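Participant: Quick one: this structure, given as C-alpha cells, is what I'll be asking you about.
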Amino acid sequence: MLWAGLLGGGSVAWADGAAATAGQPSVAGLHVPGARNEQDLPWASDGEANVPYVFHDPAHEGRMTGFEYDLMQALAPRLGRQGRFVQNGWDGLIPGLGRDLYALVIDGIEMTPEHKEAVLFSRPYYVTVDRIVLRKNETGLESVAALKGHVVGTIKSTAAERLLLDHDPANVRSYDEETNLFSDLKNGRLDAILIDEPIALYYCSDDLKLVGPPIGRVAYGIAFAKDNPGLRDAVDAALGTLMSDGTLHQILARWNLWTPQMADYTGDHSVSSTQPTAWTGYRQTMERMSGSGLQAMVQRYSSFLPLIARGALMTLAVSALAMVLAVAFGLVLALARAYGLAPLRWVAGVYVEVVRGTPLLIQVLFIFYGLPAFGVKLSPFAAGVLALGLNYAAYEAENYRAGLLSVPRGQMEAAIALNMTHRQALRLVIVPQAFRTVVPVMTNDFIALLKDSSLVSVITLTELSQTYIRLSSTYYDYIGTGLLVALAYLLVGLPFVRLARMAEKRMGRVVSKGHH
C-alpha cells in the first residue's frame, strides 16, 4: 500500500485502489457483514481496557466512550447507517471479520506489513508517535539507545515492540493490557515503557512522566475483510469527508489528541475552538472514583454490583447448560466404553483421549471460528455452551465409567435373574448406583466448569472474569474488585453444592430400598 497522506505529510490523498467519491458515500448494495437490517453497521473493538480508544465510561459503566467510539458515531451516519458496537477480545477481532460477525474493526490497529497481509485497511484515521514513559525519579533513559540493557515494556504486536526487539530483544517485556504494563512500571518490575502517545497521555499518573522526543511514526487504520473492498472504499470516502469538514479535528480536540502530526497529515492547520471536555471529564472522574476515602469506595463498589450481577448470570447460564450437556453426553460415552460393541468402544475412547489431551481454549476457538469453514455458524453463547459441554463430557465419561465398574457384577446378574432385559438392568439398577457414586465428583467438576467458563470471554461473552478485567483495569483496583468477583463465584457455586448433597442423600435412601 502507498499512503501518500502518511508519507507525504500534507495531503490526504491515497492510492490503494480506493478513491473518495463525490457527494455522500453510501453502502447501499454493498455486503455489510453482521448487519441485522439495512440500517445496521456493526463494528467491533475491544472495550475492556482500551483508554482512550473505545472503553467503558468510568462515570457510567454501561456506556461506551472513547475517541474511536465518537469517530464511529460520526462515520456511520455518513454511510446512511446506524453504528452498533460489538465487543470482542483483541485476539479475536480479526478472526471475527472472517466469520462475518461484524463489518469492520477499529481498535488502534497499526497498519503494519503483517496486519496488511491479513486485512484490508482504510486510509489512516490517526497518525501518532511512540513515547518513552519513566517513573518520576528516573533519569537518563530519554532515547531508544539509552534503553539498551534495561527492562522495557510495551504492548504486543506493535511498532514499538518491533523496534525494541530489533534493538535489545533480551530485555523486552510484551503485554496484552495497558493497565498491567503501567502497573509493572510503577512497581519497579520495568525500567521504562515505549508506547503509543495516546496511551501514554491517558495512562500516565502523577508518579510517571513522558520523556524524550517523539519516536517513529504510527498510523491507525480501520480493518475490513479481504473480500470486502467495496465497503472499505465507502468508508474511505466518509473518512475523507470527516477530515475535510473538520469533524475529525473536533473529535480529537475533545479528547486532547489533536497533534502536529495530525495537522500535517490532514493539512488542517486551523485552530479549533473545541475544548478538551472529554479529556478533562475522564481525568476528573478517575480522580473522584479512584479515591481511597470511605465514600469514594462505597460509591465505586456500589456501581460495580449491576455489572457483576450480569456477569454472574452469564457465567451461571453458560455453566449450567454446559454441565447438562456434559452429564448427558458423558453418560453416553461411559456406557459405550463399558458395554458397547468394539467400534463404539474405540470411537468413545478416541474422543475421550483427544478432548482431554487438547487445551479447552483451542476447542473453544475451533468451535467458534473453525466450524464456520464447514458451514456451521454458532452464536457466541451456543458456541461457549457447546465447547464447555463437549470438553467436560470427556471427564464425566471417565467418572461414570469408574462408577459403572464399581457396581458389583452380581447386581447385573441378579437383575437378569429377575427377568429384566440388559437395557432395563442398566437403566434401573446399574446406572442409578453408579450415578450415586459419582455425584460428589460431579459437584467438583461443576465448580471447575464455573471457573473454566472464563475462557468463553475470547468469543465475545462477558462473564465474571471478563467483568473483573474490565473493572480492575478501569479503576486500577485489583483487590476490592477481585474480592467482589470472588464472592460472586462463591455465591453462584454454593447452592449447587448444597443441591448435590441433598441429591446424594436422597439417592442413597432410594438405592438402599432397592428397585421393584
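A note on labels: chains of the C-alpha cells are A, B, ... as shown, every chain counts residues from 1, and ligands are counted from 1 in their shown order.
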Quick one: residues within 12 Å of Leu307 of chain A, only C-alpha atoms, excluding same-chain residues fewer than 5 positions away - as a tab-separated table (two decimals) with N, CA, C and O atoms, in the first residue's frame?
Facilitator:
chain	number	residue	atom	x	y	z
A	56	HIS	N	-15.28	1.59	28.45
A	56	HIS	CA	-16.46	1.85	29.27
A	56	HIS	C	-16.24	3.13	30.06
A	56	HIS	O	-15.23	3.28	30.76
A	60	HIS	N	-20.13	6.08	33.98
A	60	HIS	CA	-21.35	5.32	33.68
A	60	HIS	C	-20.89	4.03	32.99
A	60	HIS	O	-20.77	3.98	31.77
A	61	GLU	N	-20.65	2.98	33.79
A	61	GLU	CA	-20.02	1.77	33.27
A	61	GLU	C	-20.79	1.10	32.14
A	61	GLU	O	-20.22	0.38	31.34
A	62	GLY	N	-22.09	1.34	32.06
A	62	GLY	CA	-22.85	0.72	31.00
A	62	GLY	C	-22.77	1.45	29.68
A	62	GLY	O	-23.36	1.01	28.69
A	63	ARG	N	-22.03	2.56	29.62
A	63	ARG	CA	-21.95	3.38	28.41
A	63	ARG	C	-20.55	3.32	27.82
A	63	ARG	O	-19.56	3.39	28.54
A	300	ARG	N	-17.87	3.59	44.43
A	300	ARG	CA	-17.25	2.80	43.38
A	300	ARG	C	-17.77	1.36	43.38
A	300	ARG	O	-18.20	0.84	42.35
A	301	TYR	N	-17.74	0.73	44.55
A	301	TYR	CA	-18.15	-0.68	44.60
A	301	TYR	C	-19.65	-0.86	44.39
A	301	TYR	O	-20.08	-1.87	43.84
A	302	SER	N	-20.44	0.11	44.79
A	302	SER	CA	-21.88	0.03	44.53
A	302	SER	C	-22.16	0.08	43.04
A	302	SER	O	-23.05	-0.61	42.54
A	312	ALA	N	-22.36	-12.60	36.53
A	312	ALA	CA	-22.68	-13.83	37.25
A	312	ALA	C	-23.79	-14.60	36.55
A	312	ALA	O	-23.75	-15.84	36.45
A	313	LEU	N	-24.80	-13.89	36.05
A	313	LEU	CA	-25.89	-14.55	35.33
A	313	LEU	C	-25.38	-15.23	34.07
A	313	LEU	O	-25.79	-16.35	33.74
A	314	MET	N	-24.49	-14.55	33.34
A	314	MET	CA	-23.93	-15.16	32.14
A	314	MET	C	-23.09	-16.38	32.49
A	314	MET	O	-23.18	-17.43	31.83
A	462	THR	N	-19.26	-11.76	27.89
A	462	THR	CA	-18.76	-11.07	29.07
A	462	THR	C	-19.32	-11.74	30.32
A	462	THR	O	-20.47	-11.52	30.70
A	463	GLU	N	-18.51	-12.60	30.94
A	463	GLU	CA	-18.92	-13.26	32.17
A	463	GLU	C	-18.13	-12.67	33.34
A	463	GLU	O	-17.58	-11.58	33.22
A	464	LEU	N	-18.05	-13.38	34.46
A	464	LEU	CA	-17.49	-12.79	35.67
A	464	LEU	C	-16.03	-12.40	35.54
A	464	LEU	O	-15.62	-11.32	35.95
A	465	SER	N	-15.22	-13.28	34.98
A	465	SER	CA	-13.79	-12.98	34.90
A	465	SER	C	-13.53	-11.79	33.98
A	465	SER	O	-12.67	-10.94	34.25
A	466	GLN	N	-14.29	-11.70	32.88
A	466	GLN	CA	-14.12	-10.56	31.97
A	466	GLN	C	-14.61	-9.28	32.63
A	466	GLN	O	-14.05	-8.20	32.40
A	467	THR	N	-15.64	-9.39	33.44
A	467	THR	CA	-16.11	-8.24	34.21
A	467	THR	C	-15.03	-7.75	35.16
A	467	THR	O	-14.82	-6.54	35.32
A	468	TYR	N	-14.33	-8.69	35.78
A	468	TYR	CA	-13.24	-8.33	36.68
A	468	TYR	C	-12.13	-7.60	35.94
A	468	TYR	O	-11.61	-6.57	36.40
A	469	ILE	N	-11.77	-8.10	34.77
A	469	ILE	CA	-10.72	-7.46	33.98
A	469	ILE	C	-11.13	-6.04	33.62
A	469	ILE	O	-10.33	-5.10	33.72
A	470	ARG	N	-12.38	-5.88	33.21
A	470	ARG	CA	-12.84	-4.55	32.81
A	470	ARG	C	-12.78	-3.58	33.99
A	470	ARG	O	-12.23	-2.48	33.88
A	471	LEU	N	-13.34	-3.97	35.12
A	471	LEU	CA	-13.42	-3.06	36.26
A	471	LEU	C	-12.06	-2.77	36.87
A	471	LEU	O	-11.73	-1.62	37.19
A	481	THR	N	-12.08	-5.17	43.80
A	481	THR	CA	-12.84	-5.76	42.69
A	481	THR	C	-12.69	-7.27	42.68
A	481	THR	O	-13.65	-8.00	42.46
A	484	LEU	N	-14.91	-8.84	45.31
A	484	LEU	CA	-16.31	-8.85	44.91
A	484	LEU	C	-16.60	-9.96	43.89
A	484	LEU	O	-17.60	-10.67	44.00
A	485	VAL	N	-15.73	-10.10	42.91
A	485	VAL	CA	-15.93	-11.13	41.89
A	485	VAL	C	-15.76	-12.53	42.49
A	485	VAL	O	-16.51	-13.45	42.15
A	488	ALA	N	-18.86	-13.38	44.18
A	488	ALA	CA	-19.90	-13.74	43.22
A	488	ALA	C	-19.74	-15.18	42.76
A	488	ALA	O	-20.74	-15.93	42.67
Participant: Just the residues within 12 Å of Gly330 of chain A, please, counting only C-alpha atoms, with nothing from its chain fewer than 2 positions along; format it as a PyMOL selection string.
Facilitator: chain A and resi 322-328+332-337+348-349+351-352+389-401+435+442
Participant: Next, write the just-selected residues to a file, as a compact mmCIF listing (two decimals), in the first residue's frame, keeping C-alpha atoms as the atom set.
Facilitator:
# COMPACT_ATOMS: atom_id res chain seq x y z
CA ALA A 322 -22.78 -26.88 29.59
CA MET A 323 -22.97 -29.18 32.62
CA VAL A 324 -26.30 -30.61 31.46
CA LEU A 325 -24.71 -31.39 28.10
CA ALA A 326 -21.60 -32.82 29.79
CA VAL A 327 -23.65 -35.12 32.06
CA ALA A 328 -25.85 -36.43 29.24
CA VAL A 332 -23.46 -41.99 26.67
CA LEU A 333 -19.69 -42.17 26.28
CA ALA A 334 -19.29 -44.14 29.51
CA LEU A 335 -21.93 -46.69 28.53
CA ALA A 336 -20.36 -47.02 25.09
CA ARG A 337 -16.92 -47.69 26.59
CA ALA A 348 -15.65 -43.27 22.55
CA GLY A 349 -12.10 -43.94 23.74
CA TYR A 351 -12.95 -38.97 21.73
CA VAL A 352 -12.11 -39.00 25.43
CA GLY A 389 -20.13 -29.24 27.45
CA LEU A 390 -18.20 -31.38 24.98
CA ASN A 391 -14.96 -30.85 26.89
CA TYR A 392 -16.35 -31.77 30.29
CA ALA A 393 -18.25 -34.71 28.79
CA ALA A 394 -14.90 -36.46 28.31
CA TYR A 395 -14.07 -36.08 32.01
CA GLU A 396 -17.57 -37.02 33.12
CA ALA A 397 -17.40 -40.12 30.93
CA GLU A 398 -14.39 -41.39 32.83
CA ASN A 399 -16.06 -40.63 36.14
CA TYR A 400 -19.19 -42.52 35.12
CA ARG A 401 -17.19 -45.42 33.71
CA PHE A 435 -24.62 -42.19 39.48
CA MET A 442 -19.80 -34.14 39.56
Participant: Counting only C-alpha atoms, what is within 10 Å of Val32 of chain A, bar same-chain residues fewer than 4 positions away, as a VMD selection string?
Facilitator: chain A and resid 27 to 28 36 to 38 40 to 42 100 to 104 228 230 to 231
Participant: Store the residues picked out above in a file with C-alpha atoms, as a compact mmCIF listing (two decimals), in the first residue's frame.
Facilitator:
# COMPACT_ATOMS: atom_id res chain seq x y z
CA VAL A 27 -23.05 1.36 1.39
CA ALA A 28 -26.30 0.64 -0.42
CA ARG A 36 -29.26 -7.08 11.20
CA ASN A 37 -31.04 -4.85 8.72
CA GLU A 38 -30.35 -2.22 6.04
CA ASP A 40 -27.29 -1.51 10.80
CA LEU A 41 -23.49 -1.06 10.71
CA PRO A 42 -21.88 -3.44 13.24
CA ASP A 100 -18.76 -12.17 9.36
CA LEU A 101 -19.58 -11.19 12.95
CA TYR A 102 -19.26 -7.51 12.06
CA ALA A 103 -18.41 -5.26 9.15
CA LEU A 104 -15.23 -3.59 10.36
CA ASN A 228 -14.84 -6.57 1.00
CA GLY A 230 -16.38 -2.04 -1.67
CA LEU A 231 -17.19 -1.36 1.97
Participant: Can you tell me which residues surround segment 182-197 of chain A at a distance of at most 9 Å, considering only C-alpha atoms, apart from same-chain residues fewer than 6 positions away, and format the answer as number ranges by chain?
Facilitator: A: 128-135, 138, 141, 144, 147, 150-155, 158-161, 164, 173, 203-204, 207-208, 214, 218, 476
Participant: Measuring atom to atom with only C-alpha atoms, identify which of A:Phe304, A:Trp255, A:Tyr475, A:Tyr369 is nearest to Thr277 of chain A.
Facilitator: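 The shortest atom-to-atom distance to Thr277 of chain A comes from A:Trp255.
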Participant: Give me, please, the distance in Å between atom CA of Leu93 of chain A and atom CA of Asp46 of chain A, quoted to one decimal.
Facilitator: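 So the two atoms, atom CA of Leu93 of chain A and atom CA of Asp46 of chain A, lie 7.7 Å apart.
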Participant: Find the residue from A:Val235, A:Ala309, A:Gly92, A:Met286 that sits nearest to Leu491 of chain A; use only C-alpha atoms when measuring.
Facilitator: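 Among the listed residues, the smallest separation from Leu491 of chain A belongs to A:Ala309.
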Participant: Just want the 9 Å neighbourhood of Leu461 of chain A, counted on only C-alpha atoms, with same-chain residues fewer than 3 positions away dropped. Output as a PyMOL selection string.
Facilitator: chain A and resi 87-88+314+380-381+384+454+456-458+466
Participant: As an MDAnalysis selection string, please: every residue in segment 91-327 of chain A that a backbone DSSP assignment puts in helix (DSSP H, G or I).
Facilitator: chainID A and resid 91:98 113:118 145:147 159:167 169:171 178:186 197:203 229:244 247:254 260:266 277:289 294:327
Participant: One decimal, in Å: what's the spacing between atom CA of Pro359 of chain A and atom CA of Leu455 of chain A?
Facilitator: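 Separating atom CA of Pro359 of chain A from atom CA of Leu455 of chain A is a distance of 10.8 Å.
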Participant: Expressed in Å to a single decimal, how great is the separation between atom CA of Ser45 of chain A and atom CA of Gly66 of chain A?
Facilitator: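 For atom CA of Ser45 of chain A relative to atom CA of Gly66 of chain A, the distance reads 11.0 Å.
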Participant: List every residue of segment 73-297 of chain A that DSSP, applied to the backbone of this structure, assigns to strand (DSSP E or B), and report them as a ChimeraX atom specification.
Facilitator: /A:82-87,104-105,110,120-135,152-155,172-175,192-196,208-224
Participant: A:Tyr478, A:Tyr282, A:Tyr339, A:Tyr53: which is nearest Met72 of chain A, counting only C-alpha atoms?
Facilitator: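 Closest to Met72 of chain A of all the choices is A:Tyr53.
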Participant: Need to verify the contact set: Gln275 of chain A, 9 Å, only C-alpha atoms, exclusion of same-chain residues closer than 5 positions in sequence. Can you return it as a CSV table (one decimal) with N, CA and C atoms, in the first residue's frame?
Facilitator:
chain,number,residue,atom,x,y,z
A,250,GLN,N,-12.5,18.1,15.4
A,250,GLN,CA,-13.2,18.4,16.6
A,250,GLN,C,-13.3,17.2,17.6
A,253,ALA,N,-9.9,16.9,19.2
A,253,ALA,CA,-9.7,18.1,20.1
A,253,ALA,C,-10.4,17.8,21.5
A,254,ARG,N,-11.6,17.2,21.4
A,254,ARG,CA,-12.3,16.9,22.6
A,254,ARG,C,-11.6,16.0,23.5
A,255,TRP,N,-10.8,15.1,22.9
A,255,TRP,CA,-10.0,14.1,23.7
A,255,TRP,C,-8.6,14.5,23.9
A,256,ASN,N,-8.3,15.7,23.5
A,256,ASN,CA,-6.9,16.3,23.7
A,256,ASN,C,-5.9,15.5,22.9
